[in-house]
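As provided, protein.txt (compact mmCIF, C-alpha atoms) reads as follows.
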# COMPACT_ATOMS: atom_id res chain seq x y z
CA MET A 1 81.86 109.24 116.09
CA SER A 2 83.97 111.67 118.07
CA GLN A 3 84.52 111.04 121.74
CA SER A 4 84.09 113.93 124.13
CA PHE A 5 85.78 114.30 127.48
CA SER A 6 85.15 116.42 130.54
CA PRO A 7 88.12 118.65 131.45
CA GLN A 8 89.06 116.20 134.21
CA GLU A 9 88.84 113.19 131.90
CA GLY A 10 90.85 115.06 129.28
CA LEU A 11 93.52 115.86 131.82
CA LEU A 12 93.75 112.24 132.90
CA GLU A 13 94.10 111.10 129.27
CA LEU A 14 96.75 113.76 128.64
CA SER A 15 98.70 112.74 131.75
CA MET A 16 98.71 109.16 130.48
CA LEU A 17 99.91 110.25 127.03
CA ASN A 18 102.56 112.34 128.78
CA ALA A 19 103.78 109.29 130.68
CA GLU A 20 103.86 107.20 127.51
CA VAL A 21 106.18 109.60 125.68
CA LYS A 22 108.46 110.21 128.65
CA GLU A 23 111.17 107.83 127.49
CA GLN A 24 110.92 108.71 123.80
CA ASP A 25 114.17 109.85 122.35
CA PHE A 26 114.60 112.50 119.63
CA THR A 27 117.60 110.85 117.97
CA GLU A 28 115.77 107.54 117.51
CA THR A 29 112.66 109.34 116.22
CA MET A 30 114.80 111.37 113.84
CA VAL A 31 116.55 108.23 112.54
CA GLU A 32 113.16 106.62 111.88
CA LEU A 33 111.80 109.67 110.03
CA LEU A 34 114.96 110.02 107.93
CA ASN A 35 114.69 106.35 107.04
CA ARG A 36 111.12 107.01 105.92
CA ASN A 37 112.57 109.53 103.46
CA ILE A 38 111.22 112.62 105.17
CA PRO A 39 113.49 115.52 104.16
CA THR A 40 116.15 116.38 106.73
CA GLU A 41 114.94 120.00 106.58
CA ILE A 42 111.59 118.93 108.04
CA VAL A 43 113.03 116.51 110.56
CA THR A 44 115.46 119.05 112.05
CA ARG A 45 112.62 121.54 112.38
CA LEU A 46 110.72 119.06 114.53
CA LYS A 47 113.32 119.54 117.26
CA GLU A 48 111.79 122.81 118.44
CA LEU A 49 108.32 121.24 118.51
CA TRP A 50 109.71 118.14 120.24
CA GLU A 51 110.97 120.26 123.13
CA ALA A 52 107.73 122.22 123.62
CA THR A 53 106.13 121.75 127.02
CA LYS A 54 103.14 123.27 128.78
CA THR A 55 102.34 123.20 132.47
CA LEU A 56 98.76 122.13 133.02
CA ALA A 57 97.25 121.71 136.49
CA GLY A 58 100.74 121.53 138.00
CA GLU A 59 102.13 118.93 135.58
CA VAL A 60 104.67 119.62 132.87
CA ILE A 61 103.09 118.15 129.76
CA ARG A 62 105.46 117.27 126.91
CA ILE A 63 103.04 118.48 124.27
CA GLY A 64 105.68 118.56 121.55
CA LYS A 65 106.71 114.95 122.11
CA ILE A 66 103.06 113.87 122.20
CA ILE A 67 102.27 115.64 118.92
CA VAL A 68 105.39 114.44 117.09
CA GLN A 69 104.84 110.89 118.34
CA LYS A 70 101.26 110.91 117.06
CA ILE A 71 102.37 112.27 113.70
CA VAL A 72 104.97 109.49 113.49
CA ASP A 73 102.25 106.97 114.42
CA PHE A 74 100.10 108.34 111.59
CA VAL A 75 102.94 108.04 109.07
CA ARG A 76 103.61 104.47 110.29
CA ALA A 77 99.93 103.56 110.11
CA ASN A 78 99.67 104.76 106.51
CA PRO A 79 102.68 103.30 104.70
CA ASN A 80 100.90 103.57 101.36
CA LEU A 81 100.45 107.33 101.61
CA VAL A 82 103.17 109.44 100.02
CA VAL A 83 105.09 110.65 103.03
CA GLY A 84 104.73 114.34 102.18
CA LEU A 85 101.01 113.98 101.79
CA ALA A 86 100.78 112.11 105.10
CA LEU A 87 102.76 114.82 106.88
CA GLY A 88 100.82 117.66 105.28
CA ALA A 89 97.51 116.00 106.07
CA ALA A 90 98.57 115.26 109.65
CA VAL A 91 99.76 118.75 110.43
CA SER A 92 96.95 120.58 108.67
CA SER A 93 94.33 118.37 110.33
CA LEU A 94 95.84 118.87 113.76
CA VAL A 95 95.95 122.64 113.32
CA GLY A 96 92.36 122.65 112.10
CA MET A 97 91.07 120.40 114.86
CA VAL A 98 93.04 121.83 117.78
CA PRO A 99 93.47 125.61 117.40
CA LEU A 100 95.38 125.70 120.71
CA ILE A 101 98.39 123.95 119.21
CA GLY A 102 98.44 125.98 116.00
CA PRO A 103 101.25 128.32 117.12
CA ALA A 104 103.45 125.36 118.08
CA LEU A 105 102.89 123.71 114.70
CA GLN A 106 103.17 126.81 112.52
CA PRO A 107 106.93 126.66 111.83
CA ILE A 108 106.79 123.04 110.73
CA ALA A 109 103.56 123.63 108.78
CA THR A 110 105.28 126.39 106.82
CA VAL A 111 108.20 124.21 105.79
CA ILE A 112 105.99 121.23 104.93
CA GLY A 113 103.78 123.55 102.88
CA SER A 114 106.79 125.01 101.11
CA ILE A 115 108.42 121.68 100.29
CA TYR A 116 105.40 119.56 99.52
CA GLY A 117 103.30 122.43 98.22
CA ALA A 118 105.87 122.42 95.44
CA GLY A 119 105.14 118.74 94.86
CA VAL A 120 101.41 119.39 94.69
CA GLY A 121 102.07 122.26 92.27
CA SER A 122 104.15 120.03 90.01
CA GLN A 123 101.44 117.38 89.97
CA MET A 124 98.90 120.00 89.03
CA ASP A 125 101.22 121.22 86.26
CA SER A 126 101.40 117.75 84.79
CA GLY A 127 97.63 117.47 84.84
CA GLN A 128 97.45 114.71 87.42
CA PRO A 129 94.40 114.83 89.65
CA VAL A 130 95.51 115.91 93.08
CA ASP A 131 92.60 117.03 95.11
CA PRO A 132 90.89 113.66 95.72
CA LEU A 133 94.19 112.31 97.02
CA VAL A 134 94.74 115.26 99.30
CA ALA A 135 91.13 115.17 100.44
CA GLY A 136 91.42 111.44 101.15
CA ALA A 137 94.62 111.92 103.14
CA ILE A 138 93.09 114.72 105.18
CA LYS A 139 90.03 112.56 105.89
CA LEU A 140 92.28 109.75 107.10
CA ALA A 141 94.23 112.16 109.27
CA LYS A 142 91.10 113.70 110.76
CA GLU A 143 89.86 110.26 111.78
CA PHE A 144 93.27 109.31 113.16
CA PHE A 145 93.68 112.45 115.26
CA GLU A 146 90.09 112.65 116.48
CA LEU A 147 90.87 111.19 119.90
CA LEU A 148 93.94 113.36 120.42
CA ALA A 149 91.99 116.45 119.35
CA SER A 150 89.19 115.62 121.79
CA ILE A 151 91.73 115.30 124.60
CA PHE A 152 93.45 118.60 123.80
CA ASN A 153 90.15 120.41 123.34
CA ALA A 154 88.86 119.07 126.66
CA VAL A 155 91.75 120.69 128.55
CA LYS A 156 91.54 124.09 126.90
CA GLU A 157 90.38 125.79 130.09
CA TYR A 158 93.46 124.56 131.94
CA TRP A 159 95.54 125.58 128.92
CA ILE A 160 94.27 129.14 128.77
CA THR A 161 94.51 129.77 132.51
CA ASN A 162 98.12 128.50 132.70
CA MET B 1 116.46 101.06 118.74
CA ALA B 2 117.31 101.50 115.10
CA THR B 3 119.48 99.01 113.23
CA HIS B 4 123.04 99.54 112.06
CA GLU B 5 121.80 100.11 108.49
CA GLU B 6 119.18 102.63 109.63
CA TYR B 7 121.78 104.62 111.57
CA LEU B 8 124.03 104.63 108.50
CA LYS B 9 121.22 105.80 106.23
CA ALA B 10 120.27 108.57 108.68
CA LEU B 11 123.89 109.65 108.91
CA ARG B 12 124.13 109.94 105.12
CA LYS B 13 121.01 112.13 105.11
CA LEU B 14 122.41 114.39 107.80
CA LYS B 15 125.36 115.34 105.62
CA GLY B 16 125.28 118.66 103.82
CA ARG B 17 123.53 121.87 104.68
CA ASP B 18 119.93 122.85 105.29
CA ARG B 19 118.45 123.40 101.81
CA VAL B 20 115.68 125.65 103.06
CA GLY B 21 118.28 127.89 104.69
CA LEU B 22 120.43 127.81 101.53
CA ALA B 23 117.40 128.71 99.43
CA GLY B 24 116.81 131.63 101.78
CA GLU B 25 120.40 132.80 101.32
CA VAL B 26 119.96 132.71 97.55
CA ALA B 27 116.71 134.62 97.76
CA ALA B 28 117.60 137.02 100.55
CA THR B 29 116.44 140.13 98.78
CA GLY B 30 113.67 141.38 100.99
CA VAL B 31 112.02 141.14 104.35
CA GLY B 32 108.78 139.66 105.60
CA VAL B 33 106.32 138.61 102.93
CA ALA B 34 108.61 139.75 100.08
CA ALA B 35 111.42 137.54 101.35
CA GLY B 36 108.90 134.76 101.81
CA ALA B 37 107.88 135.08 98.16
CA ALA B 38 111.49 134.89 96.99
CA GLY B 39 112.22 132.10 99.43
CA SER B 40 109.28 129.99 98.33
CA THR B 41 110.54 130.00 94.72
CA ALA B 42 114.04 129.08 95.86
CA ILE B 43 112.73 126.30 98.11
CA ALA B 44 110.73 124.88 95.20
CA GLY B 45 113.94 124.89 93.13
CA ALA B 46 115.95 123.32 95.94
CA PHE B 47 113.52 120.43 96.18
CA GLY B 48 113.35 119.82 92.46
CA ALA B 49 110.05 121.46 91.53
CA SER B 50 109.95 124.13 88.89
CA THR B 51 106.86 125.90 90.08
CA LEU B 52 105.10 126.37 93.33
CA LEU B 53 101.42 126.46 92.65
CA GLY B 54 98.53 126.37 95.07
CA SER B 55 99.21 124.13 97.99
CA SER B 56 96.03 122.43 99.09
CA THR B 57 97.73 121.44 102.31
CA LEU B 58 98.76 124.94 103.16
CA GLY B 59 95.47 126.24 101.82
CA SER B 60 93.59 124.14 104.29
CA LEU B 61 95.72 125.58 107.04
CA VAL B 62 94.41 129.03 106.36
CA GLY B 63 90.84 127.95 106.10
CA GLY B 64 90.25 127.46 102.39
CA VAL B 65 91.81 126.09 99.26
CA PHE B 66 93.35 128.73 97.05
CA VAL B 67 94.96 128.14 93.70
CA THR B 68 97.33 130.63 92.20
CA THR B 69 99.41 130.41 89.07
CA THR B 70 102.75 131.86 90.18
CA PRO B 71 105.01 131.40 93.16
CA ILE B 72 104.52 135.02 94.07
CA GLY B 73 100.78 134.56 93.87
CA TRP B 74 101.06 131.54 96.10
CA VAL B 75 102.74 133.49 98.83
CA ILE B 76 100.72 136.65 98.35
CA GLY B 77 97.59 134.51 98.37
CA SER B 78 98.66 133.06 101.67
CA ALA B 79 99.65 136.49 102.91
CA LEU B 80 96.17 137.78 102.20
CA ALA B 81 94.66 134.84 104.00
CA ALA B 82 97.14 134.78 106.85
CA GLY B 83 100.08 137.17 106.66
CA ALA B 84 102.05 135.15 109.15
CA ILE B 85 102.53 132.27 106.73
CA GLY B 86 104.23 134.36 104.04
CA TYR B 87 106.44 135.78 106.73
CA GLY B 88 106.87 132.27 108.12
CA ILE B 89 108.60 131.16 104.93
CA SER B 90 111.23 133.87 105.24
CA LYS B 91 111.59 132.91 108.89
CA ALA B 92 112.00 129.25 107.93
CA CYS B 93 114.75 130.30 105.51
CA SER B 94 116.53 132.38 108.10
CA SER B 95 116.48 129.50 110.59
CA GLY B 96 118.79 127.50 108.30
CA GLY B 97 121.83 128.16 110.52
CA SER B 98 120.25 126.77 113.67
CA ASN B 99 118.99 123.79 111.69
CA ASP B 100 122.52 123.17 110.41
CA GLN B 101 123.52 123.10 114.07
CA ILE B 102 120.75 120.58 114.86
CA ARG B 103 122.01 118.46 111.94
CA ARG B 104 125.54 118.44 113.34
CA GLU B 105 124.40 117.63 116.87
CA THR B 106 122.12 114.85 115.69
CA ALA B 107 124.81 113.43 113.41
CA ARG B 108 127.11 113.29 116.45
CA ALA B 109 124.44 111.49 118.50
CA VAL B 110 123.77 109.05 115.64
CA ARG B 111 127.51 108.36 115.24
CA THR B 112 127.76 107.52 118.96
CA ARG B 113 124.85 105.10 118.67
CA LEU B 114 126.28 103.60 115.50
CA GLN B 115 129.52 102.94 117.34
CA ALA B 116 127.66 101.35 120.27
CA CYS B 117 125.68 99.28 117.80
CA GLU B 118 128.90 98.11 116.11
CA GLU B 119 130.38 97.17 119.47
CA VAL B 120 127.28 95.14 120.33
CA GLU B 121 127.37 93.42 116.93
CA MET B 122 131.07 92.71 117.30
CA ALA B 123 130.51 91.28 120.77
CA LYS B 124 127.71 89.10 119.42
CA LEU B 125 129.94 87.83 116.61
CA CYS B 126 132.71 87.06 119.13
CA TYR B 127 130.25 85.20 121.35
CA ASP B 128 128.98 83.19 118.35
CA ASP B 129 132.58 82.24 117.51
CA PHE B 130 133.10 81.19 121.14
CA ILE B 131 130.03 78.94 121.13
CA ASP B 132 131.07 77.43 117.76
CA ALA B 133 134.52 76.70 119.19
CA LEU B 134 133.00 75.03 122.25
CA ASP B 135 130.74 72.86 120.07
CA MET B 136 133.70 71.83 117.98
CA ALA B 137 135.81 71.10 121.07
CA ILE B 138 133.11 68.93 122.62
CA SER B 139 132.39 67.06 119.39
CA THR B 140 136.08 66.31 118.86
CA GLY B 141 136.41 65.19 122.45
CA VAL B 142 139.05 67.69 123.54
CA LEU B 143 136.72 69.36 126.03
CA ASP B 144 134.11 67.88 128.32
CA PRO B 145 130.64 69.46 128.52
CA GLU B 146 131.05 70.37 132.18
CA LYS B 147 134.13 72.47 131.43
CA SER B 148 132.28 74.00 128.51
CA ASP B 149 129.42 75.05 130.82
CA LYS B 150 131.91 76.52 133.25
CA LEU B 151 133.56 78.52 130.48
CA ILE B 152 130.16 79.83 129.31
CA ARG B 153 129.34 80.87 132.87
CA LEU B 154 132.64 82.69 133.29
CA VAL B 155 132.12 84.56 130.02
CA ASP B 156 128.46 85.37 130.77
CA GLU B 157 129.41 86.72 134.18
CA GLU B 158 132.11 88.79 132.47
CA LYS B 159 134.80 87.18 134.59
CA MET B 160 136.54 85.98 131.47
CA ASP B 161 136.99 87.85 128.23
CA VAL B 162 135.17 86.11 125.36
CA GLN B 163 138.13 86.50 122.98
CA THR B 164 140.54 84.96 125.48
CA ALA B 165 138.13 82.09 126.11
CA THR B 166 137.76 81.47 122.36
CA LYS B 167 141.53 81.52 121.92
CA ARG B 168 142.03 78.95 124.69
CA VAL B 169 139.38 76.61 123.31
CA THR B 170 140.67 76.98 119.75
CA ALA B 171 144.16 76.11 120.98
CA MET B 172 142.73 72.88 122.44
CA ILE B 173 141.20 71.95 119.08
CA ASP B 174 144.20 72.98 117.01
CA PRO B 175 147.41 73.16 119.05
CA GLN B 176 149.15 74.76 116.05
CA SER B 177 146.95 77.85 116.41
CA ASP B 178 148.38 78.50 119.86
CA THR B 179 150.91 81.30 119.94
CA ARG B 180 153.68 79.97 122.11
CA PRO B 181 156.55 81.92 123.46
CA PRO B 182 159.82 81.17 121.65
CA ALA B 183 161.62 78.15 123.11

Write the structure described by the file as structure tokens, please.
Amino acid sequence: MSQSFSPQEGLLELSMLNAEVKEQDFTETMVELLNRNIPTEIVTRLKELWEATKTLAGEVIRIGKIIVQKIVDFVRANPNLVVGLALGAAVSSLVGMVPLIGPALQPIATVIGSIYGAGVGSQMDSGQPVDPLVAGAIKLAKEFFELLASIFNAVKEYWITN
Amino acid sequence: MATHEEYLKALRKLKGRDRVGLAGEVAATGVGVAAGAAGSTAIAGAFGASTLLGSSTLGSLVGGVFVTTTPIGWVIGSALAAGAIGYGISKACSSGGSNDQIRRETARAVRTRLQACEEVEMAKLCYDDFIDALDMAISTGVLDPEKSDKLIRLVDEEKMDVQTATKRVTAMIDPQSDTRPPA
């Protein structure tokens, strides 16, 4: 059941998320992702997203940090998912659920698609069933990011006018 | 904070060059979607896959699953659905240089933390040796517990260097270990 927020409630939730990620550090996040065997090519491309900010209602929101942190949380919460599948599902779900952040995620989505799309292609070549796995991962991701998507979607008026 | 081992593993992974950028250099024969098509094949090769068929993940990004049978079809398929993605691949390839730079900067930051981590571990080992020496000194009766507490306090307050303190206590236990000036 998805939760819906008024713009004011959404802004409050986003401000709290913003405060939570304030002290997060890119180097530590990068070390964790590299240790989870995420290709360096993807991890370095998160830097640009990590630094993305947006001023909403007078507050600088670290949207990049919030998004990356949630993606890391998703990967952590699903240790049994192949990491590429988890990343692909996370990013594609976020883009689908929150169109506002699509442009910020596009560069990383392209590289994930290129690297892990190849993996999906190879699996299809070898005749292994892929789609149920991908569909399952995307379902998990959609459930995981539902709250974050509701928050972002609630503040879209602030987003567009800023 | 990551562990010493995790920093080391990350550092190993940060060696070398950006493979997406390298793949782009190999395939740099066109611009826009054409370069994206060449780049996608090269990326697939760089990451150990022989073909790059339909990507369900990427397909869902552009609003529907598409399956193609060739790398070119994959990119052209995406280009038809959303031209920006085909172009995005060539852009991803061309960003290899700046990503190499991010690698170097991050490796530097990780090295600094690794060094700090090693210093902390070394300090912890020294402190453990100090406590072991105190225990030994008390149990052999060469040091009374009150003096031991005072030594611990001086070390904890950083008024006395832990290595010096250990050396002094060890010299009490084993006078032969003391380095005396020549007579």

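Going from atom CA of Leu33 of chain A over to atom CA of Met122 of chain B, you cover 26.7 Å.
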
Inset, instruction - Could you tell me which of A:Ile138, A:Val82, A:Ile112, A:Leu100 comes closest to Ile63 of chain A if we count all atoms listed in the file? - result: A:Leu100

Inset, instruction - Considering all atoms listed in the file, return as a list in words whatever protein or nucleic-acid residues lie within 12 Å of Ala123 of chain B, sequence-local ones (same chain, fewer than 4 positions apart) excluded. - result: Ala116, Cys117, Glu118, Glu119, Tyr127, Asp128, Asp129, Phe130, Val155, Asp156, Asp161, Val162 and Gln163 of chain B

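In terms of minimum interatomic distance to chain B, A:Ala137 ranks closest within A:Leu11, A:Ala137, A:Val83, A:Ile61, counting all atoms listed in the file.
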
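You will find atom CA of Glu6 of chain B at 14.8 Å from atom CA of Phe26 of chain A.
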
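Taking atom CA of Glu59 of chain A as the reference point, atom CA of Met1 of chain B is found at 28.4 Å.
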
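Take the candidates A:Glu143, A:Glu51, A:Glu20, A:Glu41 and check each one against Arg17 of chain B using only C-alpha atoms; the shortest distance goes to A:Glu41.
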
Legend entry - Polymer residues at most 9 Å from (87.5, 113.6, 129.5) by all atoms listed in the file, as a PyMOL selection string: chain A and resi 3-13+150-151+154-155

Inset, instruction - Give me the residues within 9 Å of Ser93 of chain A as a ChimeraX atom specification, counting all atoms listed in the file and dropping any in the same chain fewer than 2 places off. - result: /A:88-91,95-98,138-139,141-142,145 /B:60-61

Legend entry - Exercise: Arg36 of chain A partners within 12 Å, only C-alpha atoms, chain neighbours under 3 positions left out, as a PyMOL selection string: (chain A and resi 29-33+39-40+43+72+75-76+78-84+86-87) or (chain B and resi 6+9-10+13)

File dump, residues just selected, C-alpha atoms, as a PDB file, in the coordinates of the input:
ATOM      1  CA  THR A  29     112.660 109.340 116.220  1.00  0.00           C
ATOM      2  CA  MET A  30     114.800 111.370 113.840  1.00  0.00           C
ATOM      3  CA  VAL A  31     116.550 108.230 112.540  1.00  0.00           C
ATOM      4  CA  GLU A  32     113.160 106.620 111.880  1.00  0.00           C
ATOM      5  CA  LEU A  33     111.800 109.670 110.030  1.00  0.00           C
ATOM      6  CA  PRO A  39     113.490 115.520 104.160  1.00  0.00           C
ATOM      7  CA  THR A  40     116.150 116.380 106.730  1.00  0.00           C
ATOM      8  CA  VAL A  43     113.030 116.510 110.560  1.00  0.00           C
ATOM      9  CA  VAL A  72     104.970 109.490 113.490  1.00  0.00           C
ATOM     10  CA  VAL A  75     102.940 108.040 109.070  1.00  0.00           C
ATOM     11  CA  ARG A  76     103.610 104.470 110.290  1.00  0.00           C
ATOM     12  CA  ASN A  78      99.670 104.760 106.510  1.00  0.00           C
ATOM     13  CA  PRO A  79     102.680 103.300 104.700  1.00  0.00           C
ATOM     14  CA  ASN A  80     100.900 103.570 101.360  1.00  0.00           C
ATOM     15  CA  LEU A  81     100.450 107.330 101.610  1.00  0.00           C
ATOM     16  CA  VAL A  82     103.170 109.440 100.020  1.00  0.00           C
ATOM     17  CA  VAL A  83     105.090 110.650 103.030  1.00  0.00           C
ATOM     18  CA  GLY A  84     104.730 114.340 102.180  1.00  0.00           C
ATOM     19  CA  ALA A  86     100.780 112.110 105.100  1.00  0.00           C
ATOM     20  CA  LEU A  87     102.760 114.820 106.880  1.00  0.00           C
TER      21      LEU A  87
ATOM     22  CA  GLU B   6     119.180 102.630 109.630  1.00  0.00           C
ATOM     23  CA  LYS B   9     121.220 105.800 106.230  1.00  0.00           C
ATOM     24  CA  ALA B  10     120.270 108.570 108.680  1.00  0.00           C
ATOM     25  CA  LYS B  13     121.010 112.130 105.110  1.00  0.00           C
TER      26      LYS B  13
END

Inset, instruction - Considering all atoms listed in the file, return as a PyMOL selection string whatever protein or nucleic-acid residues lie within 12 Å of Lys47 of chain A, sequence-local ones (same chain, fewer than 2 positions apart) excluded. - result: (chain A and resi 25-27+29-30+40-45+49-52+64-65+67-68+104-105+107-108) or (chain B and resi 98-99+101-103+105-106)

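Considering only C-alpha atoms, the residue among B:Asp135, B:Asp18, B:Glu146, B:Glu158 positioned nearest to Ile173 of chain B is B:Asp135.
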